[in-house]
$ cat model.cif   # mmCIF, C-alpha atoms
data_run
loop_
_atom_site.label_atom_id
_atom_site.label_comp_id
_atom_site.auth_asym_id
_atom_site.auth_seq_id
_atom_site.Cartn_x
_atom_site.Cartn_y
_atom_site.Cartn_z
CA MET R 69 6.26 9.15 -7.26
CA HIS R 70 4.14 9.98 -4.24
CA GLU R 71 6.90 11.72 -2.30
CA LEU R 72 5.54 15.21 -3.06
CA SER R 73 2.21 14.47 -1.42
CA ILE R 74 4.05 12.89 1.52
CA ALA R 75 6.26 15.99 1.79
CA MET R 76 3.18 18.22 1.73
CA SER R 77 1.63 16.18 4.55
CA ILE R 78 4.81 16.59 6.59
CA VAL R 79 4.83 20.36 6.03
CA GLU R 80 1.16 20.62 6.96
CA LEU R 81 1.58 18.52 10.09
CA ALA R 82 4.67 20.41 11.27
CA GLY R 83 3.08 23.76 10.43
CA GLU R 84 0.00 23.03 12.53
CA GLU R 85 2.13 21.92 15.46
CA ALA R 86 4.33 25.04 15.26
CA GLU R 87 1.34 27.34 14.99
CA ARG R 88 -0.16 25.84 18.15
CA ARG R 89 3.04 26.70 19.98
CA GLY R 90 3.48 30.09 18.36
CA ALA R 91 6.85 29.03 17.03
CA GLN R 92 8.84 28.90 13.82
CA VAL R 93 10.15 25.53 12.57
CA ASN R 94 13.87 25.34 11.81
CA ALA R 95 13.97 21.60 11.15
CA VAL R 96 11.71 18.55 11.01
CA HIS R 97 13.06 15.23 12.25
CA LEU R 98 11.57 12.25 10.45
CA LYS R 99 11.92 8.51 11.01
CA LEU R 100 11.84 6.70 7.67
CA GLY R 101 11.59 2.91 7.61
CA ALA R 102 13.24 0.89 4.87
CA MET R 103 9.79 -0.62 4.18
CA SER R 104 7.86 2.65 4.28
CA GLY R 105 7.58 2.72 0.50
CA VAL R 106 9.12 6.20 0.42
CA VAL R 107 12.43 7.05 -1.28
CA LYS R 108 14.56 9.31 0.89
CA GLU R 109 16.27 11.22 -1.94
CA ALA R 110 12.97 11.92 -3.68
CA LEU R 111 11.40 13.03 -0.41
CA LEU R 112 14.27 15.42 0.35
CA SER R 113 14.04 17.07 -3.04
CA CYS R 114 10.25 17.37 -2.75
CA TYR R 115 10.47 18.82 0.76
CA GLU R 116 11.91 22.13 -0.37
CA MET R 117 9.19 22.40 -2.99
CA ALA R 118 6.49 21.60 -0.45
CA CYS R 119 7.84 24.27 1.95
CA ALA R 120 7.72 27.07 -0.60
CA SER R 121 5.37 29.90 0.43
CA THR R 122 4.52 28.23 3.73
CA SER R 123 5.59 29.03 7.30
CA LEU R 124 8.19 26.27 6.90
CA GLU R 125 10.01 27.91 4.02
CA GLY R 126 13.76 27.63 4.63
CA SER R 127 13.43 24.79 7.14
CA SER R 128 15.30 21.53 6.72
CA LEU R 129 14.21 17.90 6.83
CA ILE R 130 16.42 15.60 8.85
CA VAL R 131 15.80 11.96 8.02
CA GLU R 132 16.72 9.08 10.28
CA ASP R 133 16.85 5.82 8.31
CA VAL R 134 15.21 2.95 10.17
CA PRO R 135 16.29 -0.56 9.16
CA VAL R 136 13.90 -3.51 9.10
CA VAL R 137 13.85 -5.56 12.30
CA ILE R 138 12.07 -8.91 12.46
CA PHE R 139 11.29 -11.20 15.35
CA CYS R 140 12.92 -14.63 15.03
CA SER R 141 10.94 -17.36 16.82
CA PRO R 142 13.72 -19.98 17.13
CA CYS R 143 16.14 -17.35 18.47
CA GLN R 144 13.43 -15.61 20.51
CA ALA R 145 15.13 -12.37 19.51
CA ARG R 146 14.74 -9.26 17.40
CA ARG R 147 17.08 -9.28 14.42
CA THR R 148 18.00 -6.52 11.99
CA LEU R 149 17.75 -7.66 8.37
CA ASN R 150 20.81 -7.34 6.19
CA SER R 151 18.61 -6.78 3.14
CA VAL R 152 14.95 -6.04 2.47
CA GLN R 153 15.18 -8.71 -0.23
CA LEU R 154 15.75 -11.48 2.29
CA PHE R 155 13.31 -11.82 5.17
CA CYS R 156 15.12 -14.34 7.28
CA CYS R 157 17.07 -14.31 10.51
CA PRO R 158 20.69 -13.31 9.78
CA GLU R 159 21.81 -15.58 12.65
CA CYS R 160 19.93 -18.85 12.15
CA GLY R 161 18.48 -18.39 8.65
CA THR R 162 14.84 -19.04 9.60
CA PRO R 163 12.38 -17.07 7.44
CA SER R 164 10.24 -14.59 9.35
CA ASN R 165 7.69 -11.99 8.36
CA ARG R 166 7.06 -10.71 11.89
CA ILE R 167 8.14 -7.15 11.20
CA VAL R 168 8.68 -5.19 14.42
CA GLN R 169 10.31 -2.14 12.88
CA GLY R 170 10.92 -0.68 9.42
CA LYS R 171 7.56 0.69 8.25
CA GLU R 172 7.92 4.05 10.02
CA LEU R 173 6.97 7.27 8.30
CA GLU R 174 6.78 9.45 11.34
CA VAL R 175 7.58 13.00 12.35
CA VAL R 176 9.35 12.46 15.67
CA ALA R 177 10.55 15.94 16.60
CA LEU R 178 10.61 19.57 15.55
CA GLU R 179 13.42 22.01 16.05
CA ILE R 180 11.58 25.21 16.81
CA GLN R 181 12.34 28.79 17.55
CA GLU R 182 9.79 30.52 19.72
CA CYS R 183 8.77 33.83 18.27
CA ALA R 184 9.97 36.69 20.46
CA PRO R 185 7.14 38.25 22.46
CA SER R 186 6.13 41.52 20.91
CA PRO R 187 7.21 44.53 22.93
CA VAL R 188 4.33 46.13 24.79
CA MET X 52 16.66 38.88 22.06
CA ARG X 53 15.37 35.80 20.22
CA PRO X 54 15.07 32.64 22.35
CA GLU X 55 17.42 29.73 21.54
CA PRO X 56 16.06 27.09 19.17
CA ARG X 57 14.92 23.92 20.94
CA LEU X 58 13.88 20.42 20.03
CA ILE X 59 10.37 19.26 20.88
CA GLU X 60 9.11 15.69 20.60
CA VAL X 61 6.10 15.24 18.29
CA ARG X 62 5.65 11.59 17.16
CA LYS X 63 3.06 11.85 14.42
CA ASN X 64 2.42 9.32 11.66
CA VAL X 65 2.55 11.19 8.36
CA LEU X 66 -0.07 8.93 6.78
CA LYS X 67 -2.42 9.11 9.76
CA ARG X 68 -5.13 10.83 7.76
CA ASN X 69 -5.22 7.98 5.22
CA ASP X 70 -5.05 5.37 7.97
CA VAL X 71 -8.01 6.92 9.80
CA VAL X 72 -10.15 6.89 6.63
CA ALA X 73 -9.05 3.30 5.88
CA LEU X 74 -10.04 2.25 9.39
CA GLY X 75 -13.49 3.79 8.85
CA LEU X 76 -13.83 1.95 5.54
CA ARG X 77 -12.83 -1.34 7.15
CA ASP X 78 -15.53 -0.86 9.81
CA ARG X 79 -18.07 -0.09 7.10
CA PHE X 80 -17.05 -3.20 5.10
CA ARG X 81 -17.31 -5.37 8.25
CA ALA X 82 -20.77 -4.02 9.09
CA ALA X 83 -21.95 -4.70 5.52
CA GLY X 84 -20.44 -8.21 5.43
CA VAL X 85 -18.61 -7.55 2.15
CA PHE X 86 -15.18 -9.08 1.46
CA VAL X 87 -12.88 -6.53 -0.15
CA VAL X 88 -9.98 -7.48 -2.41
CA SER X 89 -7.49 -4.99 -3.81
CA LEU X 90 -5.25 -5.72 -6.79
CA VAL X 91 -1.81 -4.19 -7.23
CA SER X 92 0.74 -4.78 -9.98
CA SER X 93 2.88 -3.08 -12.56
CA PRO X 94 1.15 -1.70 -15.69
CA GLY X 95 0.42 -4.41 -18.22
CA SER X 96 0.50 -7.39 -15.88
CA GLY X 97 -3.03 -8.38 -16.84
CA LYS X 98 -4.97 -6.96 -13.89
CA THR X 99 -7.98 -5.91 -15.92
CA ALA X 100 -8.29 -9.15 -17.92
CA PHE X 101 -7.92 -11.15 -14.72
CA LEU X 102 -10.51 -9.01 -12.94
CA GLU X 103 -12.93 -9.23 -15.86
CA LYS X 104 -12.79 -13.03 -15.69
CA THR X 105 -13.18 -12.91 -11.92
CA LEU X 106 -16.27 -10.67 -12.04
CA THR X 107 -17.89 -12.67 -14.84
CA PHE X 108 -17.43 -15.96 -13.01
CA LEU X 109 -18.34 -14.82 -9.51
CA ARG X 110 -21.50 -12.96 -10.51
CA ALA X 111 -23.24 -16.28 -11.22
CA LYS X 112 -23.18 -17.05 -7.51
CA TYR X 113 -22.31 -13.85 -5.67
CA ARG X 114 -23.14 -10.16 -5.65
CA VAL X 115 -19.97 -8.48 -6.88
CA ALA X 116 -18.79 -4.99 -7.84
CA ALA X 117 -15.55 -3.25 -8.71
CA LEU X 118 -13.75 0.07 -8.37
CA VAL X 119 -11.01 0.70 -10.84
CA GLY X 120 -8.26 3.27 -10.53
CA ASP X 121 -6.61 4.73 -13.59
CA LEU X 122 -4.57 7.85 -14.28
CA ALA X 123 -6.48 9.19 -17.22
CA THR X 124 -8.75 6.85 -19.12
CA GLU X 125 -12.01 5.05 -18.50
CA ASN X 126 -10.99 2.15 -20.74
CA ASP X 127 -10.66 -0.31 -17.88
CA ALA X 128 -14.09 0.51 -16.49
CA LEU X 129 -15.61 0.08 -19.95
CA ARG X 130 -13.90 -3.32 -20.31
CA LEU X 131 -15.00 -4.41 -16.86
CA ALA X 132 -18.58 -3.25 -17.51
CA ARG X 133 -18.82 -6.12 -20.02
CA SER X 134 -18.97 -8.44 -17.02
CA GLN X 135 -22.37 -6.79 -16.25
CA VAL X 136 -21.60 -6.00 -12.64
CA PRO X 137 -21.52 -2.49 -11.11
CA VAL X 138 -18.18 -0.87 -11.97
CA LYS X 139 -17.00 2.60 -11.05
CA GLN X 140 -13.92 4.34 -12.37
CA ILE X 141 -11.71 6.42 -10.10
CA THR X 142 -9.66 8.71 -12.32
CA THR X 143 -6.66 9.76 -10.29
CA GLY X 144 -5.34 12.41 -12.68
CA THR X 145 -1.62 12.56 -12.07
CA LEU X 146 -1.74 10.65 -8.82
CA CYS X 147 0.06 7.31 -9.06
CA HIS X 148 -1.94 5.40 -6.47
CA LEU X 149 -5.35 5.17 -4.81
CA GLU X 150 -5.88 6.63 -1.36
CA ALA X 151 -8.54 5.62 1.14
CA ALA X 152 -10.41 8.93 0.71
CA MET X 153 -10.85 8.25 -3.03
CA VAL X 154 -12.34 4.84 -2.29
CA GLN X 155 -14.58 6.40 0.33
CA ALA X 156 -15.81 9.07 -2.11
CA ALA X 157 -16.42 6.50 -4.87
CA LEU X 158 -18.49 4.33 -2.52
CA ASP X 159 -20.45 7.23 -1.10
CA ASP X 160 -23.80 6.31 -2.66
CA TRP X 161 -23.34 2.52 -2.67
CA ASP X 162 -25.28 0.17 -0.43
CA LEU X 163 -22.46 -2.20 0.52
CA SER X 164 -24.78 -4.60 2.31
CA GLN X 165 -25.99 -5.58 -1.18
CA LEU X 166 -22.53 -6.99 -2.01
CA ASP X 167 -20.56 -10.14 -1.21
CA PHE X 168 -17.33 -9.13 -2.93
CA LEU X 169 -15.89 -5.74 -3.79
CA PHE X 170 -12.75 -5.57 -5.94
CA ILE X 171 -10.51 -2.52 -6.04
CA GLU X 172 -8.07 -2.36 -8.93
CA ASN X 173 -5.25 0.01 -8.01
CA VAL X 174 -3.29 2.11 -10.51
CA GLY X 175 -0.61 0.04 -12.25
CA ASN X 176 2.41 0.82 -10.09
CA LEU X 177 4.61 -1.33 -7.87
CA VAL X 178 5.90 1.48 -5.66
CA CYS X 179 3.40 4.04 -4.42
CA PRO X 180 0.31 1.91 -3.61
CA SER X 181 2.25 -0.01 -0.95
CA SER X 182 2.07 2.83 1.58
CA TYR X 183 -1.71 3.35 1.42
CA ASP X 184 -4.15 1.18 3.32
CA LEU X 185 -7.52 1.10 1.52
CA GLY X 186 -9.35 -0.86 4.21
CA GLU X 187 -9.20 -4.02 2.12
CA ASP X 188 -9.36 -7.53 3.60
CA LEU X 189 -6.97 -8.99 1.07
CA ARG X 190 -4.27 -7.37 -1.01
CA VAL X 191 -3.36 -9.38 -4.09
CA VAL X 192 -0.15 -8.64 -5.96
CA LEU X 193 0.04 -9.77 -9.58
CA LEU X 194 3.24 -10.78 -11.37
CA SER X 195 3.02 -11.69 -15.04
CA VAL X 196 5.46 -14.22 -16.49
CA THR X 197 6.55 -11.67 -19.12
CA GLU X 198 7.92 -9.35 -16.40
CA GLY X 199 10.60 -11.75 -15.21
CA GLU X 200 11.21 -13.70 -12.04
CA ASP X 201 13.13 -10.99 -10.20
CA LYS X 202 10.28 -8.44 -9.86
CA PRO X 203 9.73 -9.37 -6.19
CA LEU X 204 13.38 -8.57 -5.40
CA LYS X 205 13.13 -5.24 -7.21
CA TYR X 206 9.94 -4.22 -5.41
CA PRO X 207 10.12 -5.97 -2.02
CA THR X 208 7.93 -3.43 -0.21
CA ILE X 209 4.80 -3.98 -2.25
CA PHE X 210 5.25 -7.76 -2.35
CA ASN X 211 5.69 -7.75 1.41
CA SER X 212 2.59 -5.62 1.89
CA ALA X 213 0.42 -8.10 -0.05
CA ASP X 214 -1.36 -11.18 1.31
CA VAL X 215 -1.38 -13.33 -1.83
CA ALA X 216 0.74 -13.34 -4.99
CA ILE X 217 -0.73 -14.38 -8.32
CA VAL X 218 1.47 -15.23 -11.27
CA THR X 219 -0.49 -14.27 -14.39
CA LYS X 220 -0.26 -15.10 -18.11
CA VAL X 221 1.12 -18.57 -17.32
CA ASP X 222 0.04 -19.64 -20.83
CA LEU X 223 3.04 -17.60 -22.05
CA GLY X 224 5.44 -19.15 -19.55
CA VAL X 225 7.14 -21.54 -21.95
CA ALA X 226 7.54 -18.90 -24.67
CA VAL X 227 9.32 -16.50 -22.32
CA GLU X 228 11.21 -19.30 -20.49
CA PHE X 229 9.72 -18.27 -17.17
CA ASP X 230 11.54 -19.91 -14.26
CA TRP X 231 8.71 -20.74 -11.87
CA GLU X 232 11.00 -22.06 -9.11
CA ALA X 233 13.04 -18.85 -9.12
CA ALA X 234 9.92 -16.67 -9.03
CA TYR X 235 8.50 -18.67 -6.11
CA ARG X 236 11.81 -18.47 -4.25
CA ASN X 237 12.02 -14.69 -4.79
CA ILE X 238 8.46 -14.15 -3.55
CA GLN X 239 9.16 -16.22 -0.43
CA SER X 240 12.39 -14.31 0.12
CA VAL X 241 10.60 -10.95 0.42
CA ARG X 242 7.43 -12.31 2.04
CA PRO X 243 7.95 -15.63 3.84
CA GLY X 244 4.89 -17.87 3.86
CA MET X 245 2.93 -16.00 1.18
CA GLN X 246 0.48 -18.09 -0.79
CA VAL X 247 1.24 -18.09 -4.52
CA LEU X 248 -1.26 -18.98 -7.23
CA LYS X 249 -0.72 -19.43 -10.98
CA VAL X 250 -3.37 -18.33 -13.45
CA SER X 251 -4.06 -17.62 -17.08
CA ALA X 252 -7.04 -15.35 -17.72
CA LYS X 253 -6.84 -16.42 -21.35
CA THR X 254 -7.01 -20.22 -20.97
CA GLY X 255 -8.70 -20.25 -17.56
CA GLU X 256 -5.88 -22.26 -15.98
CA GLY X 257 -5.75 -21.81 -12.20
CA LEU X 258 -8.82 -19.55 -12.02
CA GLY X 259 -10.88 -22.26 -10.30
CA ALA X 260 -8.38 -22.51 -7.45
CA TYR X 261 -8.45 -18.72 -7.05
CA PHE X 262 -12.26 -18.57 -6.99
CA ASP X 263 -12.35 -21.40 -4.41
CA PHE X 264 -9.83 -19.47 -2.33
CA LEU X 265 -12.02 -16.33 -2.42
CA ALA X 266 -15.18 -18.30 -1.59
CA ALA X 267 -13.43 -19.83 1.43
CA ARG X 268 -12.34 -16.40 2.64
CA LEU X 269 -15.92 -15.10 2.37
CA ILE X 270 -17.17 -18.00 4.48
CA GLU X 271 -14.45 -17.28 7.06
CA LEU X 272 -15.54 -13.65 7.14
CA HIS X 273 -19.18 -14.57 7.73
CA GLN X 274 -18.23 -17.11 10.40
CA ALA X 275 -16.09 -14.53 12.20
CA ALA X 276 -18.99 -12.06 12.04
CA SER X 277 -21.47 -14.52 13.56
CA ILE X 278 -19.27 -15.40 16.58
#
$ encode --input "model.cif" --output "structure tokens"
Amino acid sequence: MHELSIAMSIVELAGEEAERRGAQVNAVHLKLGAMSGVVKEALLSCYEMACASTSLEGSSLIVEDVPVVIFCSPCQARRTLNSVQLFCCPECGTPSNRIVQGKELEVVALEIQECAPSPV
Amino acid sequence: MRPEPRLIEVRKNVLKRNDVVALGLRDRFRAAGVFVVSLVSSPGSGKTAFLEKTLTFLRAKYRVAALVGDLATENDALRLARSQVPVKQITTGTLCHLEAAMVQAALDDWDLSQLDFLFIENVGNLVCPSSYDLGEDLRVVLLSVTEGEDKPLKYPTIFNSADVAIVTKVDLGVAVEFDWEAAYRNIQSVRPGMQVLKVSAKTGEGLGAYFDFLAARLIELHQAASI
């Protein structure tokens, strides 16, 4: 269970970015690959915990699941795997370990609310 | 009036901090000419016994050392110390995996140029270690015959992240009716083309082939460095 430390890294990263822009984070958009080694449900439940008493308290985590895509040499094409238990081309059946997508663990966007300028 | 919320693009790898440290370690290993092997497996797969045999054998010809990760005890380090090579324990507390920064801290006062092989035994866990690069040259995943043939299908991510699979405790294979063909097929299914070795730390079966494999990789490393 390493999802809590991952969640804390996400909160830290998003917090720094928001602070630089003088903004409040409403939501964090995350790309999560099927081969990232991170369990989405565990990450979501840890996120709230990680946000507690930080500038991100009350924000939400929006996860985009990224399937595994391999490159198939005989087909000369990128193919989405049907299962992470079977690394072969779903069209021609040739095994391939040339992973082109599916390991992502990446904050891609932040939904922010700029803090209102203080009245002078 | 508060401004409307808006979406800004960020694109930041969450594990970047670990990856940066791992990259630094890899550079340091390259400069020192040491070949670094990490071992991952579930608890009880025989990592420590296998590593003890490895250290004892290799030290006759090579300069070897080991780092060993464990949640709470120093038992593994004490066992490995019997091989009479430098061994350092990394106690992770409640953390279920090693991170590059822990390896970096443990190696702080080591002169790596005095080593040919460095082994890093990760915490027994088939989930969490897969996400963390430790700067190693070779990641070995162990699968003991007593765990069953379908482990690779249950934990595809860590098997896919490894470079070599080693089936351990093969001396018990008959007793537990281990289906070697099925295990091999399952490993290839989650990691096509992966080399698979069979060993028994107890009887010594297959260890020679593994040591030859490591020696060949060290030569490759030195050849690559001299080009």
$ atom_distance --input "model.cif" --atom1 "CA of Met245 in chain X" --atom2 "CA of Ser164 in chain R"
11.1 Å
$ resolve_selection --input "model.cif" --expression "the PyMOL selection byres ((chain R) within 10 of (chain X))" --output "MDAnalysis selection string"
chainID R and resid 69:71 73:82 85 91:99 102:107 151:156 162:166 171:185
$ closest_residue --input "model.cif" --among "R:Leu100, R:Ala86, R:Ala120, R:Gln169" --to "Glu132 in chain R" --atoms "only C-alpha atoms"
R:Leu100
$ residues_around --input "model.cif" --residues "Glu256 in chain X" --least-positions-apart "5" --cutoff "12 Å" --atoms "only C-alpha atoms" --output "JSON list (two decimals) with C-alpha atoms, keeping the file's coordinate frame"
[["chain", "number", "residue", "atom", "x", "y", "z"],
["X", 101, "PHE", "CA", -7.92, -11.15, -14.72],
["X", 104, "LYS", "CA", -12.79, -13.03, -15.69],
["X", 218, "VAL", "CA", 1.47, -15.23, -11.27],
["X", 219, "THR", "CA", -0.49, -14.27, -14.39],
["X", 220, "LYS", "CA", -0.26, -15.10, -18.11],
["X", 221, "VAL", "CA", 1.12, -18.57, -17.32],
["X", 222, "ASP", "CA", 0.04, -19.64, -20.83],
["X", 223, "LEU", "CA", 3.04, -17.60, -22.05],
["X", 248, "LEU", "CA", -1.26, -18.98, -7.23],
["X", 249, "LYS", "CA", -0.72, -19.43, -10.98],
["X", 250, "VAL", "CA", -3.37, -18.33, -13.45],
["X", 251, "SER", "CA", -4.06, -17.62, -17.08],
["X", 261, "TYR", "CA", -8.45, -18.72, -7.05],
["X", 262, "PHE", "CA", -12.26, -18.57, -6.99]]
$ residues_around --input "model.cif" --residues "Gly259 in chain X" --least-positions-apart "5" --cutoff "10 Å" --atoms "all atoms listed in the file" --output "ChimeraX atom specification"
/X:105,108,250,264-265
$ resolve_selection --input "model.cif" --expression "the PyMOL selection byres ((chain X and resi 142) around 8)" --output "list in words"
Gly120, Asp121, Leu122, Ala123, Thr124, Glu125, Gln140, Ile141, Thr143 and Gly144 of chain X
$ atom_distance --input "model.cif" --atom1 "CA of Val174 in chain X" --atom2 "CA of Asp263 in chain X"
25.9 Å
$ atom_distance --input "model.cif" --atom1 "CA of Leu166 in chain X" --atom2 "CA of Ala117 in chain X"
10.4 Å
$ residues_near_point --input "model.cif" --point "(21.7, -16.6, 12.3)" --cutoff "10 Å" --atoms "only C-alpha atoms" --output "list in words"
Cys140, Pro142, Cys143, Arg147, Cys156, Cys157, Pro158, Glu159, Cys160, Gly161 and Thr162 of chain R
$ write_last_selection --input "model.cif" --atoms "C-alpha atoms" --output "tab-separated table (two decimals), keeping the file's coordinate frame"
chain	number	residue	atom	x	y	z
R	140	CYS	CA	12.92	-14.63	15.03
R	142	PRO	CA	13.72	-19.98	17.13
R	143	CYS	CA	16.14	-17.35	18.47
R	147	ARG	CA	17.08	-9.28	14.42
R	156	CYS	CA	15.12	-14.34	7.28
R	157	CYS	CA	17.07	-14.31	10.51
R	158	PRO	CA	20.69	-13.31	9.78
R	159	GLU	CA	21.81	-15.58	12.65
R	160	CYS	CA	19.93	-18.85	12.15
R	161	GLY	CA	18.48	-18.39	8.65
R	162	THR	CA	14.84	-19.04	9.60
$ residues_near_point --input "model.cif" --point "(-13.8, -7.1, -2.7)" --cutoff "6 Å" --atoms "only C-alpha atoms" --output "PyMOL selection string"
chain X and resi 86-88+168-170
$ resolve_selection --input "model.cif" --expression "the PyMOL selection byres ((chain X and resi 198) around 10)" --output "list in words"
Ser93, Gly95, Ser96, Leu194, Ser195, Val196, Thr197, Gly199, Glu200, Asp201, Lys202, Thr219, Val227 and Phe229 of chain X
$ axis_aligned_box --input "model.cif" --around "range 216-228 of chain X" --padding-each-side "6 Å" --output "AutoDock Vina command-line options"
--center_x 5.2 --center_y -17.4 --center_z -14.8 --size_x 23.9 --size_y 20.2 --size_z 31.7
$ closest_residue --input "model.cif" --among "R:Asn150, R:Ala145, R:Ile130, R:Phe139" --to "Val168 in chain R" --atoms "only C-alpha atoms"
R:Phe139
$ build_atoms --input "model.cif" --residues "range 109-121 of chain R" --atoms "N, CA and C atoms" --output "PDB file, in the coordinates of the input"
ATOM      1  N   GLU R 109      15.737  10.167  -1.060  1.00  0.00           N
ATOM      2  CA  GLU R 109      16.270  11.220  -1.940  1.00  0.00           C
ATOM      3  C   GLU R 109      15.129  12.002  -2.587  1.00  0.00           C
ATOM      4  N   ALA R 110      14.109  11.257  -3.041  1.00  0.00           N
ATOM      5  CA  ALA R 110      12.970  11.920  -3.680  1.00  0.00           C
ATOM      6  C   ALA R 110      12.222  12.785  -2.668  1.00  0.00           C
ATOM      7  N   LEU R 111      12.106  12.278  -1.448  1.00  0.00           N
ATOM      8  CA  LEU R 111      11.400  13.030  -0.410  1.00  0.00           C
ATOM      9  C   LEU R 111      12.150  14.321  -0.078  1.00  0.00           C
ATOM     10  N   LEU R 112      13.476  14.241   0.025  1.00  0.00           N
ATOM     11  CA  LEU R 112      14.270  15.420   0.350  1.00  0.00           C
ATOM     12  C   LEU R 112      14.146  16.495  -0.734  1.00  0.00           C
ATOM     13  N   SER R 113      14.139  16.061  -1.987  1.00  0.00           N
ATOM     14  CA  SER R 113      14.040  17.070  -3.040  1.00  0.00           C
ATOM     15  C   SER R 113      12.633  17.645  -3.128  1.00  0.00           C
ATOM     16  N   CYS R 114      11.627  16.856  -2.740  1.00  0.00           N
ATOM     17  CA  CYS R 114      10.250  17.370  -2.750  1.00  0.00           C
ATOM     18  C   CYS R 114       9.992  18.287  -1.557  1.00  0.00           C
ATOM     19  N   TYR R 115      10.731  18.070  -0.478  1.00  0.00           N
ATOM     20  CA  TYR R 115      10.470  18.820   0.760  1.00  0.00           C
ATOM     21  C   TYR R 115      10.609  20.328   0.541  1.00  0.00           C
ATOM     22  N   GLU R 116      11.673  20.698  -0.139  1.00  0.00           N
ATOM     23  CA  GLU R 116      11.910  22.130  -0.370  1.00  0.00           C
ATOM     24  C   GLU R 116      10.753  22.748  -1.157  1.00  0.00           C
ATOM     25  N   MET R 117      10.312  21.954  -2.155  1.00  0.00           N
ATOM     26  CA  MET R 117       9.190  22.400  -2.990  1.00  0.00           C
ATOM     27  C   MET R 117       7.918  22.568  -2.151  1.00  0.00           C
ATOM     28  N   ALA R 118       7.701  21.587  -1.274  1.00  0.00           N
ATOM     29  CA  ALA R 118       6.490  21.600  -0.450  1.00  0.00           C
ATOM     30  C   ALA R 118       6.501  22.756   0.558  1.00  0.00           C
ATOM     31  N   CYS R 119       7.705  23.196   0.958  1.00  0.00           N
ATOM     32  CA  CYS R 119       7.840  24.270   1.950  1.00  0.00           C
ATOM     33  C   CYS R 119       7.621  25.660   1.357  1.00  0.00           C
ATOM     34  N   ALA R 120       7.790  25.760   0.051  1.00  0.00           N
ATOM     35  CA  ALA R 120       7.720  27.070  -0.600  1.00  0.00           C
ATOM     36  C   ALA R 120       6.414  27.782  -0.264  1.00  0.00           C
ATOM     37  N   SER R 121       6.522  29.048   0.087  1.00  0.00           N
ATOM     38  CA  SER R 121       5.370  29.900   0.430  1.00  0.00           C
ATOM     39  C   SER R 121       4.559  29.389   1.612  1.00  0.00           C
TER      40      SER R 121
END
